[in-house]
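Enquirer: Quick one, start-v2.txt (compact mmCIF, C-alpha atoms and all ligand atoms):
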# COMPACT_ATOMS: atom_id res chain seq x y z
CA MET U 199 -48.17 -128.89 -93.82
CA HIS U 200 -50.28 -131.20 -91.71
CA CYS U 201 -50.00 -130.76 -87.93
CA SER U 202 -51.09 -133.07 -85.13
CA LEU U 203 -50.86 -133.32 -81.37
CA ARG U 204 -50.55 -136.29 -79.02
CA ARG U 205 -50.36 -136.41 -75.24
CA PHE U 206 -47.83 -138.63 -73.51
CA PRO U 207 -47.03 -139.34 -69.86
CA LEU U 208 -43.61 -138.84 -68.28
CA THR U 209 -42.93 -140.47 -64.93
CA LYS U 210 -39.91 -139.61 -62.84
CA ALA U 211 -37.82 -142.41 -61.36
CA VAL U 212 -37.25 -140.15 -58.35
CA PRO U 213 -39.80 -137.36 -57.68
CA LEU U 214 -38.21 -133.90 -57.63
CA ALA U 215 -38.99 -131.46 -54.79
CA ILE U 216 -38.10 -127.77 -55.13
CA SER U 217 -39.08 -124.70 -53.09
CA ARG U 218 -42.51 -124.49 -54.77
CA GLY U 219 -43.54 -128.18 -54.59
CA THR U 220 -42.88 -131.73 -55.76
CA THR U 221 -43.23 -133.25 -59.25
CA ALA U 222 -43.53 -137.03 -59.72
CA ALA U 223 -45.17 -137.21 -63.16
CA VAL U 224 -46.38 -134.89 -65.92
CA GLU U 225 -48.27 -135.08 -69.18
CA HIS U 226 -46.49 -133.54 -72.15
CA LEU U 227 -47.55 -132.89 -75.73
CA LEU U 228 -45.93 -134.17 -78.92
CA VAL U 229 -46.30 -131.77 -81.85
CA SER U 230 -45.87 -133.41 -85.27
CA ILE U 231 -45.74 -131.60 -88.60
CA GLU U 232 -45.69 -133.54 -91.85
CA HIS U 233 -44.80 -132.01 -95.20
CA GLU U 234 -43.50 -133.62 -98.39
CA GLY U 235 -42.90 -136.94 -96.65
CA ILE U 236 -40.80 -135.51 -93.80
CA THR U 237 -42.07 -135.41 -90.22
CA GLY U 238 -40.79 -132.86 -87.72
CA LEU U 239 -41.30 -133.47 -84.00
CA GLY U 240 -41.55 -131.01 -81.10
CA GLU U 241 -42.39 -131.31 -77.41
CA THR U 242 -44.11 -128.99 -75.01
CA GLY U 243 -45.90 -129.12 -71.68
CA GLY U 244 -47.10 -127.10 -68.73
CA PHE U 245 -44.79 -125.58 -66.12
CA GLU U 246 -44.78 -122.83 -63.53
CA THR U 247 -42.25 -120.33 -62.25
CA GLY U 248 -44.01 -118.91 -59.20
CA HIS U 249 -45.25 -115.82 -61.07
CA ARG U 250 -46.42 -117.52 -64.28
CA HIS U 251 -48.23 -120.79 -64.86
CA TYR U 252 -49.04 -122.80 -68.00
CA ASP U 253 -50.92 -126.08 -68.15
CA SER U 254 -50.82 -128.67 -70.90
CA ASP U 255 -54.57 -128.49 -71.63
CA ALA U 256 -54.44 -124.76 -72.37
CA ILE U 257 -51.32 -125.22 -74.52
CA ALA U 258 -53.10 -127.99 -76.48
CA CYS U 259 -56.08 -125.68 -77.08
CA GLU U 260 -53.80 -122.92 -78.40
CA LEU U 261 -52.06 -125.26 -80.82
CA GLU U 262 -55.24 -126.96 -82.03
CA ALA U 263 -56.73 -123.53 -82.77
CA LEU U 264 -53.69 -122.61 -84.86
CA PHE U 265 -53.22 -125.86 -86.82
CA PRO U 266 -56.01 -125.23 -89.42
CA ARG U 267 -54.27 -121.95 -90.36
CA LEU U 268 -51.06 -123.85 -91.17
CA VAL U 269 -52.70 -126.16 -93.72
CA GLY U 270 -51.38 -125.26 -97.18
CA LEU U 271 -48.29 -123.53 -95.78
CA ALA U 272 -44.75 -124.93 -95.93
CA PRO U 273 -42.46 -125.29 -92.86
CA GLN U 274 -39.91 -123.05 -94.55
CA PRO U 275 -39.12 -120.22 -94.66
CA LEU U 276 -39.54 -119.89 -90.90
CA GLN U 277 -39.69 -116.11 -91.23
CA ALA U 278 -42.94 -116.37 -93.17
CA LEU U 279 -44.53 -118.32 -90.29
CA ALA U 280 -43.24 -116.04 -87.52
CA PRO U 281 -46.34 -113.79 -87.43
CA LEU U 282 -48.56 -116.86 -86.86
CA LEU U 283 -46.40 -118.03 -83.96
CA ALA U 284 -45.94 -114.62 -82.37
CA ASP U 285 -49.16 -114.61 -80.34
CA LEU U 286 -48.75 -118.11 -78.90
CA SER U 287 -47.74 -118.58 -75.27
CA PRO U 288 -44.04 -119.47 -74.91
CA PRO U 289 -44.65 -123.21 -74.35
CA ALA U 290 -47.14 -123.49 -77.26
CA ARG U 291 -44.66 -121.67 -79.51
CA CYS U 292 -41.90 -123.97 -78.27
CA GLY U 293 -43.68 -127.14 -79.39
CA LEU U 294 -44.24 -125.82 -82.91
CA ASP U 295 -40.86 -124.08 -83.18
CA LEU U 296 -39.08 -127.33 -82.34
CA ALA U 297 -41.13 -129.33 -84.86
CA LEU U 298 -40.37 -126.74 -87.57
CA HIS U 299 -36.64 -126.86 -86.74
CA ASP U 300 -36.68 -130.66 -86.74
CA TRP U 301 -38.35 -130.68 -90.17
CA TRP U 302 -35.80 -128.17 -91.51
CA GLY U 303 -32.81 -130.18 -90.28
CA LYS U 304 -34.27 -133.42 -91.63
CA ARG U 305 -34.94 -131.80 -95.01
CA LEU U 306 -31.30 -130.65 -95.19
CA GLY U 307 -29.99 -133.90 -93.69
CA LEU U 308 -27.99 -132.37 -90.81
CA PRO U 309 -28.39 -131.85 -87.07
CA LEU U 310 -29.15 -128.25 -86.16
CA HIS U 311 -25.84 -127.55 -84.43
CA GLN U 312 -24.06 -128.32 -87.70
CA LEU U 313 -26.41 -126.07 -89.66
CA TRP U 314 -25.63 -123.32 -87.14
CA GLY U 315 -21.87 -123.89 -87.51
CA LEU U 316 -21.35 -124.91 -83.88
CA ASP U 317 -18.42 -127.09 -82.81
CA SER U 318 -19.83 -130.30 -81.33
CA GLU U 319 -16.43 -131.08 -79.79
CA LEU U 320 -17.11 -128.34 -77.27
CA ALA U 321 -18.99 -130.14 -74.50
CA VAL U 322 -18.72 -129.74 -70.75
CA PRO U 323 -20.36 -131.88 -68.04
CA THR U 324 -24.05 -131.48 -67.37
CA SER U 325 -25.14 -130.96 -63.79
CA VAL U 326 -27.46 -133.45 -62.12
CA THR U 327 -30.10 -132.26 -59.69
CA LEU U 328 -30.66 -133.03 -56.03
CA GLY U 329 -34.16 -132.00 -54.95
CA LEU U 330 -35.17 -130.88 -51.49
CA GLY U 331 -35.68 -133.44 -48.73
CA SER U 332 -34.15 -134.69 -45.54
CA VAL U 333 -30.37 -134.80 -45.41
CA ASP U 334 -30.47 -138.61 -45.69
CA THR U 335 -32.83 -138.51 -48.67
CA VAL U 336 -30.66 -135.99 -50.50
CA LEU U 337 -27.48 -137.97 -49.87
CA GLN U 338 -29.21 -141.15 -51.09
CA ARG U 339 -30.23 -139.30 -54.27
CA LEU U 340 -26.61 -138.26 -54.77
CA GLU U 341 -25.45 -141.87 -54.47
CA ARG U 342 -28.15 -142.96 -56.91
CA TRP U 343 -26.90 -140.41 -59.46
CA TRP U 344 -23.33 -141.64 -58.97
CA ALA U 345 -24.49 -145.24 -59.55
CA GLN U 346 -25.99 -144.04 -62.86
CA LEU U 347 -23.19 -141.78 -64.17
CA PRO U 348 -19.92 -140.21 -62.94
CA ALA U 349 -21.57 -136.87 -62.17
CA SER U 350 -19.01 -134.16 -61.45
CA ARG U 351 -21.40 -131.20 -61.36
CA ILE U 352 -24.09 -131.35 -58.70
CA LYS U 353 -26.98 -128.89 -58.52
CA LEU U 354 -28.58 -128.78 -55.07
CA LYS U 355 -32.05 -127.30 -54.69
CA LEU U 356 -32.45 -124.90 -51.76
CA GLY U 357 -35.19 -122.58 -50.54
CA SER U 358 -36.59 -125.30 -48.32
CA PRO U 359 -39.95 -124.58 -46.61
CA GLU U 360 -38.18 -125.80 -43.46
CA GLY U 361 -36.00 -122.71 -43.52
CA LEU U 362 -32.41 -121.60 -43.86
CA GLU U 363 -31.02 -123.93 -41.22
CA HIS U 364 -32.21 -126.89 -43.26
CA ASP U 365 -30.73 -125.35 -46.40
CA ARG U 366 -27.41 -124.98 -44.61
CA SER U 367 -27.47 -128.56 -43.34
CA LEU U 368 -28.07 -129.81 -46.91
CA VAL U 369 -25.16 -127.78 -48.27
CA GLU U 370 -22.84 -129.01 -45.52
CA ALA U 371 -23.83 -132.66 -46.05
CA VAL U 372 -23.50 -132.56 -49.84
CA ALA U 373 -20.24 -130.57 -49.72
CA THR U 374 -18.82 -133.18 -47.31
CA ALA U 375 -19.89 -136.03 -49.61
CA LEU U 376 -18.25 -134.28 -52.58
CA GLU U 377 -15.05 -133.73 -50.61
CA ARG U 378 -14.94 -137.39 -49.61
CA ARG U 379 -15.32 -138.50 -53.24
CA ARG U 380 -12.74 -135.91 -54.33
CA GLN U 381 -10.22 -137.40 -51.91
CA GLN U 382 -11.10 -141.02 -52.76
CA ARG U 383 -11.12 -140.69 -56.54
CA GLY U 384 -9.13 -137.55 -57.26
CA GLU U 385 -12.05 -136.18 -59.28
CA SER U 386 -12.83 -132.52 -59.84
CA LEU U 387 -16.32 -131.94 -58.42
CA GLU U 388 -18.52 -128.85 -58.45
CA LEU U 389 -21.47 -127.85 -56.26
CA GLN U 390 -24.06 -125.41 -57.62
CA VAL U 391 -27.19 -124.35 -55.75
CA ASP U 392 -30.61 -123.20 -56.96
CA ALA U 393 -33.00 -121.56 -54.51
CA ASN U 394 -35.84 -121.38 -57.09
CA GLY U 395 -36.87 -118.01 -55.64
CA GLY U 396 -37.29 -119.52 -52.17
CA TRP U 397 -35.50 -116.78 -50.20
CA ASP U 398 -36.27 -113.17 -49.34
CA THR U 399 -33.59 -110.49 -49.63
CA ALA U 400 -32.40 -110.79 -46.01
CA ALA U 401 -32.16 -114.59 -46.25
CA ALA U 402 -30.32 -114.41 -49.56
CA ARG U 403 -27.85 -111.83 -48.21
CA SER U 404 -27.13 -114.07 -45.23
CA MET U 405 -26.57 -117.10 -47.46
CA LEU U 406 -24.47 -115.86 -50.39
CA GLY U 407 -21.14 -115.40 -48.61
CA TRP U 408 -21.74 -118.53 -46.53
CA LEU U 409 -22.32 -120.58 -49.70
CA ALA U 410 -19.04 -119.36 -51.20
CA GLU U 411 -17.19 -120.27 -47.99
CA HIS U 412 -18.62 -123.79 -48.30
CA GLY U 413 -17.29 -124.26 -51.81
CA VAL U 414 -20.48 -123.56 -53.77
CA VAL U 415 -19.51 -122.23 -57.21
CA LEU U 416 -22.82 -120.74 -58.44
CA VAL U 417 -26.21 -119.63 -57.10
CA GLU U 418 -29.36 -119.58 -59.19
CA GLN U 419 -32.47 -117.41 -58.68
CA PRO U 420 -32.20 -116.59 -54.96
CA LEU U 421 -35.29 -114.33 -54.98
CA PRO U 422 -38.77 -114.84 -56.47
CA PRO U 423 -39.17 -113.49 -60.02
CA LEU U 424 -41.24 -110.31 -60.28
CA GLU U 425 -43.60 -109.37 -63.12
CA ASP U 426 -42.45 -105.75 -63.03
CA PRO U 427 -39.15 -105.82 -64.99
CA ASP U 428 -37.59 -102.87 -63.15
CA ALA U 429 -38.43 -104.32 -59.74
CA ASP U 430 -37.07 -107.68 -60.85
CA CYS U 431 -33.76 -106.07 -61.89
CA ALA U 432 -33.63 -104.11 -58.63
CA ALA U 433 -33.98 -107.35 -56.65
CA PHE U 434 -30.90 -108.83 -58.36
CA ALA U 435 -29.06 -105.50 -58.04
CA ALA U 436 -29.63 -105.59 -54.26
CA LEU U 437 -27.71 -108.89 -54.06
CA GLU U 438 -25.01 -108.33 -56.62
CA LEU U 439 -22.40 -106.74 -54.34
CA ASP U 440 -22.93 -109.40 -51.63
CA CYS U 441 -22.49 -112.28 -54.04
CA PRO U 442 -18.92 -113.58 -54.37
CA ILE U 443 -19.97 -116.39 -56.74
CA PRO U 444 -21.79 -116.23 -60.08
CA LEU U 445 -25.41 -115.10 -59.71
CA VAL U 446 -27.66 -116.71 -62.34
CA ALA U 447 -31.21 -115.70 -63.34
CA ASP U 448 -33.62 -118.50 -64.23
CA GLU U 449 -37.31 -117.84 -63.46
CA SER U 450 -36.67 -114.11 -64.17
CA CYS U 451 -35.21 -114.73 -67.64
CA TRP U 452 -37.48 -115.84 -70.48
CA ASN U 453 -36.35 -114.16 -73.69
CA LEU U 454 -33.75 -111.96 -75.37
CA ALA U 455 -35.22 -108.79 -73.84
CA ASP U 456 -34.78 -110.32 -70.37
CA VAL U 457 -31.14 -111.20 -71.12
CA VAL U 458 -30.43 -107.59 -72.09
CA ARG U 459 -32.41 -106.24 -69.11
CA LEU U 460 -30.71 -108.48 -66.54
CA ALA U 461 -27.17 -108.38 -67.97
CA PRO U 462 -25.91 -105.54 -65.71
CA TYR U 463 -27.10 -107.31 -62.53
CA VAL U 464 -26.34 -111.01 -63.00
CA ASP U 465 -23.40 -113.17 -64.04
CA GLY U 466 -25.39 -115.69 -66.03
CA VAL U 467 -28.79 -116.76 -67.35
CA ASN U 468 -30.55 -120.12 -67.47
CA ILE U 469 -32.20 -120.63 -70.86
CA LYS U 470 -35.04 -123.15 -71.10
CA LEU U 471 -36.87 -123.83 -74.34
CA LEU U 472 -40.33 -123.83 -72.73
CA LYS U 473 -39.67 -120.30 -71.39
CA SER U 474 -38.06 -118.96 -74.56
CA GLY U 475 -40.68 -120.37 -76.92
CA GLY U 476 -38.24 -122.70 -78.64
CA LEU U 477 -34.88 -122.68 -80.38
CA THR U 478 -35.33 -119.52 -82.48
CA GLU U 479 -35.27 -117.30 -79.38
CA ALA U 480 -32.96 -119.57 -77.36
CA LEU U 481 -30.18 -119.37 -79.97
CA LEU U 482 -30.42 -115.57 -79.98
CA MET U 483 -30.36 -115.54 -76.17
CA ALA U 484 -27.30 -117.78 -75.93
CA GLU U 485 -25.34 -115.82 -78.54
CA ALA U 486 -26.32 -112.44 -77.04
CA ALA U 487 -25.62 -113.52 -73.45
CA ARG U 488 -22.12 -114.64 -74.42
CA ARG U 489 -21.42 -111.35 -76.18
CA LEU U 490 -22.66 -109.49 -73.09
CA GLY U 491 -20.11 -111.40 -71.00
CA LEU U 492 -22.64 -113.63 -69.25
CA GLY U 493 -22.27 -117.31 -68.47
CA VAL U 494 -24.97 -119.39 -70.11
CA MET U 495 -26.84 -122.29 -68.58
CA VAL U 496 -29.34 -124.39 -70.49
CA GLY U 497 -31.91 -126.08 -68.29
CA CYS U 498 -35.05 -128.18 -68.34
CA TYR U 499 -38.32 -128.85 -66.54
CA SER U 500 -39.77 -132.39 -66.46
CA ASP U 501 -38.76 -132.85 -70.08
CA SER U 502 -38.14 -135.94 -72.18
CA ALA U 503 -35.16 -136.64 -74.43
CA LEU U 504 -37.04 -134.79 -77.20
CA LEU U 505 -36.96 -131.39 -75.49
CA ASN U 506 -33.54 -132.03 -73.99
CA GLY U 507 -32.23 -133.28 -77.33
CA ALA U 508 -33.41 -129.99 -78.87
CA ALA U 509 -31.70 -128.00 -76.09
CA ALA U 510 -28.57 -130.14 -76.56
CA GLN U 511 -28.16 -128.59 -80.02
CA LEU U 512 -27.08 -125.43 -78.16
CA LEU U 513 -24.47 -127.16 -75.97
CA PRO U 514 -21.37 -125.82 -77.74
CA LEU U 515 -22.51 -122.34 -76.57
CA ILE U 516 -23.20 -123.40 -72.99
CA GLN U 517 -20.97 -123.02 -69.93
CA TRP U 518 -23.33 -124.73 -67.45
CA PRO U 519 -25.51 -127.44 -69.05
CA ASP U 520 -28.33 -128.64 -66.80
CA LEU U 521 -30.16 -131.18 -68.94
CA ASP U 522 -30.76 -134.10 -66.62
CA SER U 523 -34.56 -134.52 -66.53
CA HIS U 524 -34.62 -137.25 -69.21
CA LEU U 525 -32.02 -139.18 -67.21
CA ASN U 526 -34.60 -139.46 -64.42
CA LEU U 527 -37.55 -140.86 -66.41
CA LEU U 528 -39.08 -144.34 -66.29
CA ASP U 529 -41.01 -143.99 -69.55
CA ASP U 530 -39.16 -141.65 -71.92
CA PRO U 531 -40.59 -142.33 -75.41
CA PHE U 532 -37.60 -140.66 -77.11
CA GLU U 533 -33.86 -141.14 -77.45
CA GLY U 534 -31.08 -139.16 -79.05
CA PRO U 535 -28.83 -137.00 -76.87
CA ARG U 536 -25.63 -138.90 -76.10
CA LEU U 537 -24.10 -139.16 -72.66
CA GLU U 538 -20.33 -139.69 -72.50
CA ALA U 539 -19.38 -139.96 -68.81
CA ASP U 540 -21.29 -136.85 -67.60
CA ARG U 541 -20.90 -134.88 -70.83
CA LEU U 542 -24.04 -134.59 -72.90
CA ARG U 543 -23.82 -134.18 -76.66
CA ALA U 544 -26.53 -133.63 -79.25
CA GLY U 545 -27.77 -136.67 -81.13
CA LEU U 546 -26.23 -137.44 -84.51
CA ALA U 547 -29.51 -137.72 -86.42
CA PRO U 548 -30.68 -134.78 -88.59
CA GLY U 549 -32.83 -132.03 -87.09
CA LEU U 550 -33.14 -132.24 -83.31
CA GLY U 551 -31.09 -135.47 -83.31
CA VAL U 552 -33.97 -137.30 -81.60
CA THR U 553 -36.03 -140.34 -82.59
CA ALA U 554 -39.11 -141.96 -81.08
CA LYS U 555 -38.45 -145.36 -79.51
CA THR U 556 -40.19 -148.10 -81.43
CA THR U 557 -40.37 -150.73 -78.70
CA GLY U 558 -41.12 -150.93 -75.00
CA ALA U 559 -43.71 -149.48 -72.66
CA ALA U 560 -42.71 -145.88 -73.37
CA ALA U 561 -43.31 -146.34 -77.10
CA ALA U 562 -46.72 -147.84 -76.30
CA GLY U 563 -47.53 -144.86 -74.08
CA LEU U 564 -46.82 -142.52 -76.98
CA GLU U 565 -49.24 -144.42 -79.21
CA LEU U 566 -52.02 -144.57 -76.64
CA GLY U 567 -51.83 -140.97 -75.53
CA SER U 568 -53.62 -139.27 -78.39
CA CYS U 569 -55.42 -135.95 -77.89
MG MG C 1 -33.32 -123.06 -61.86
What is this structure when it is put down as structure tokens?
Ligand SMILES: [Mg+2]

Expert:
Amino acid sequence: MHCSLRRFPLTKAVPLAISRGTTAAVEHLLVSIEHEGITGLGETGGFETGHRHYDSDAIACELEALFPRLVGLAPQPLQALAPLLADLSPPARCGLDLALHDWWGKRLGLPLHQLWGLDSELAVPTSVTLGLGSVDTVLQRLERWWAQLPASRIKLKLGSPEGLEHDRSLVEAVATALERRRQQRGESLELQVDANGGWDTAAARSMLGWLAEHGVVLVEQPLPPLEDPDADCAAFAALELDCPIPLVADESCWNLADVVRLAPYVDGVNIKLLKSGGLTEALLMAEAARRLGLGVMVGCYSDSALLNGAAAQLLPLIQWPDLDSHLNLLDDPFEGPRLEADRLRAGLAPGLGVTAKTTGAAAAGLELGSC
């Protein structure tokens, strides 16, 4: 197979602030593999979780070093390629893993969820994200989302550098706005929160019961992730009994081993393809988490419709989809995942169900951004 890499910009319509900083734009990488006239596409890019950091330049170097070793090999069987992918960082592996899956689905003429035997009728609403900011800014962002789609699941970022009082004022303001809309429109609305590791144990303990009393239905990653796996589990264990709502691990949960490790201490896990190294691991994680009795979220970073379209192939397994980043881009070069009201479904095309746009500024950006 022949492999290539291109850089492309992604610019957010509304910058996103979380506990660790603000993102307005990123540069991601398009991985293409071509074999026997079929092209498979994958996306990757840098991200950070507080305790681990990857940048797009280093990911590009990893992939470019591997590509010559793939010449003369076929994209299938995947098992034969696994040893070559094993030493890559998770985001580098993700880009290639997605391209290989896309090629496989295109060769067989079906989207991946059909090849996996998943029921595409099973789709629940995706959450949309409210970043940190002033109360007014956050409420304006909520209204902007509602002007774009009938969002019924709202994820509010907490862990503000301004402290717990600001976090509480954001929850109160958003909960009030949801209640007003509930009364006006008779809609069922849900408020989730994600502290992105922005609290310490005392702060988290003081917030968990309060959040439940204010109608919050789920809390994600209250404490910073820890490199030591036992200490990381102990941190969740210290909160478990104080948490009356589902406690979900995100930054702490990267792969199947993490799902198994965390299962006794959390109620759910947030799977992201850049953390897991692609769909091979993510499918195992989702299936295993469900069998362990965990709720499963599938999330994103500053990803385009290519990465989110790949993640959307897992949606029939997902209780809490959180794939909204591509809905907040000015220059997404890809299209595919379908939005019906606030329910996201995988694209209908074979493979990842995603195609590159052929017209417009975003398509031009894809052409210009070569490595
Ligand atoms: Mg999260």

Enquirer: Excluding U:Met483 and any residue of its chain fewer than 4 positions from it, enumerate the residues within 7 Å of it, using all atoms listed in the file, and give them as a list in words.

Expert: Asn453, Leu454, Val457, Glu479 and Ala487 of chain U

Enquirer: So what do you get for atom CA of U:Asp365 versus atom CA of U:Ala429, distance-wise?

Expert: 26.1 Å

Enquirer: Excluding U:Arg489 and any residue of its chain fewer than 3 positions from it, enumerate the residues within 12 Å of it, using all atoms listed in the file, and give them as a PyMOL selection string.

Expert: chain U and resi 457-458+461+466+482-486+492-494+515

Enquirer: With only C-alpha atoms and all ligand atoms as the atoms that count, which of U:Asp300, U:Glu225, U:Glu262, U:Glu418 lies nearest to ligand MG 1 (chain C)?

Expert: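 Distance minimum relative to ligand MG 1 (chain C) lands on U:Glu418.
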
Enquirer: Got a sec: who's within 9 Å of U:Trp301, counting all atoms listed in the file, leaving out chain neighbours fewer than 2 positions off, as a CSV table (one decimal) with C-alpha atoms, in the frame of the given file?

Expert:
chain,number,residue,atom,x,y,z
U,231,ILE,CA,-45.7,-131.6,-88.6
U,232,GLU,CA,-45.7,-133.5,-91.8
U,233,HIS,CA,-44.8,-132.0,-95.2
U,236,ILE,CA,-40.8,-135.5,-93.8
U,237,THR,CA,-42.1,-135.4,-90.2
U,238,GLY,CA,-40.8,-132.9,-87.7
U,239,LEU,CA,-41.3,-133.5,-84.0
U,273,PRO,CA,-42.5,-125.3,-92.9
U,274,GLN,CA,-39.9,-123.0,-94.6
U,296,LEU,CA,-39.1,-127.3,-82.3
U,297,ALA,CA,-41.1,-129.3,-84.9
U,298,LEU,CA,-40.4,-126.7,-87.6
U,299,HIS,CA,-36.6,-126.9,-86.7
U,303,GLY,CA,-32.8,-130.2,-90.3
U,304,LYS,CA,-34.3,-133.4,-91.6
U,305,ARG,CA,-34.9,-131.8,-95.0
U,306,LEU,CA,-31.3,-130.6,-95.2
U,548,PRO,CA,-30.7,-134.8,-88.6
U,549,GLY,CA,-32.8,-132.0,-87.1
U,550,LEU,CA,-33.1,-132.2,-83.3

Enquirer: So that I can see what lies close to stretch 352-357 of chain U, please list as a PDB file with C-alpha atoms, keeping the file's coordinate frame the residues with an atom at most 9 Å from it, counting all atoms listed in the file and leaving out residues fewer than 3 positions away in the same chain.

Expert:
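around_21.pdb, freshly written:
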ATOM      1  CA  ALA U 215     -38.990-131.460 -54.790  1.00  0.00           C
ATOM      2  CA  ILE U 216     -38.100-127.770 -55.130  1.00  0.00           C
ATOM      3  CA  SER U 217     -39.080-124.700 -53.090  1.00  0.00           C
ATOM      4  CA  ARG U 218     -42.510-124.490 -54.770  1.00  0.00           C
ATOM      5  CA  THR U 324     -24.050-131.480 -67.370  1.00  0.00           C
ATOM      6  CA  SER U 325     -25.140-130.960 -63.790  1.00  0.00           C
ATOM      7  CA  VAL U 326     -27.460-133.450 -62.120  1.00  0.00           C
ATOM      8  CA  THR U 327     -30.100-132.260 -59.690  1.00  0.00           C
ATOM      9  CA  LEU U 328     -30.660-133.030 -56.030  1.00  0.00           C
ATOM     10  CA  GLY U 329     -34.160-132.000 -54.950  1.00  0.00           C
ATOM     11  CA  LEU U 330     -35.170-130.880 -51.490  1.00  0.00           C
ATOM     12  CA  VAL U 336     -30.660-135.990 -50.500  1.00  0.00           C
ATOM     13  CA  LEU U 340     -26.610-138.260 -54.770  1.00  0.00           C
ATOM     14  CA  ALA U 349     -21.570-136.870 -62.170  1.00  0.00           C
ATOM     15  CA  GLU U 360     -38.180-125.800 -43.460  1.00  0.00           C
ATOM     16  CA  GLY U 361     -36.000-122.710 -43.520  1.00  0.00           C
ATOM     17  CA  LEU U 362     -32.410-121.600 -43.860  1.00  0.00           C
ATOM     18  CA  HIS U 364     -32.210-126.890 -43.260  1.00  0.00           C
ATOM     19  CA  ASP U 365     -30.730-125.350 -46.400  1.00  0.00           C
ATOM     20  CA  ARG U 366     -27.410-124.980 -44.610  1.00  0.00           C
ATOM     21  CA  LEU U 368     -28.070-129.810 -46.910  1.00  0.00           C
ATOM     22  CA  VAL U 369     -25.160-127.780 -48.270  1.00  0.00           C
ATOM     23  CA  VAL U 372     -23.500-132.560 -49.840  1.00  0.00           C
ATOM     24  CA  LEU U 376     -18.250-134.280 -52.580  1.00  0.00           C
ATOM     25  CA  LEU U 387     -16.320-131.940 -58.420  1.00  0.00           C
ATOM     26  CA  GLU U 388     -18.520-128.850 -58.450  1.00  0.00           C
ATOM     27  CA  LEU U 389     -21.470-127.850 -56.260  1.00  0.00           C
ATOM     28  CA  GLN U 390     -24.060-125.410 -57.620  1.00  0.00           C
ATOM     29  CA  VAL U 391     -27.190-124.350 -55.750  1.00  0.00           C
ATOM     30  CA  ASP U 392     -30.610-123.200 -56.960  1.00  0.00           C
ATOM     31  CA  ALA U 393     -33.000-121.560 -54.510  1.00  0.00           C
ATOM     32  CA  ASN U 394     -35.840-121.380 -57.090  1.00  0.00           C
ATOM     33  CA  GLY U 395     -36.870-118.010 -55.640  1.00  0.00           C
ATOM     34  CA  GLY U 396     -37.290-119.520 -52.170  1.00  0.00           C
ATOM     35  CA  TRP U 397     -35.500-116.780 -50.200  1.00  0.00           C
ATOM     36  CA  PRO U 420     -32.200-116.590 -54.960  1.00  0.00           C
ATOM     37  CA  ASP U 520     -28.330-128.640 -66.800  1.00  0.00           C
TER      38      ASP U 520
END
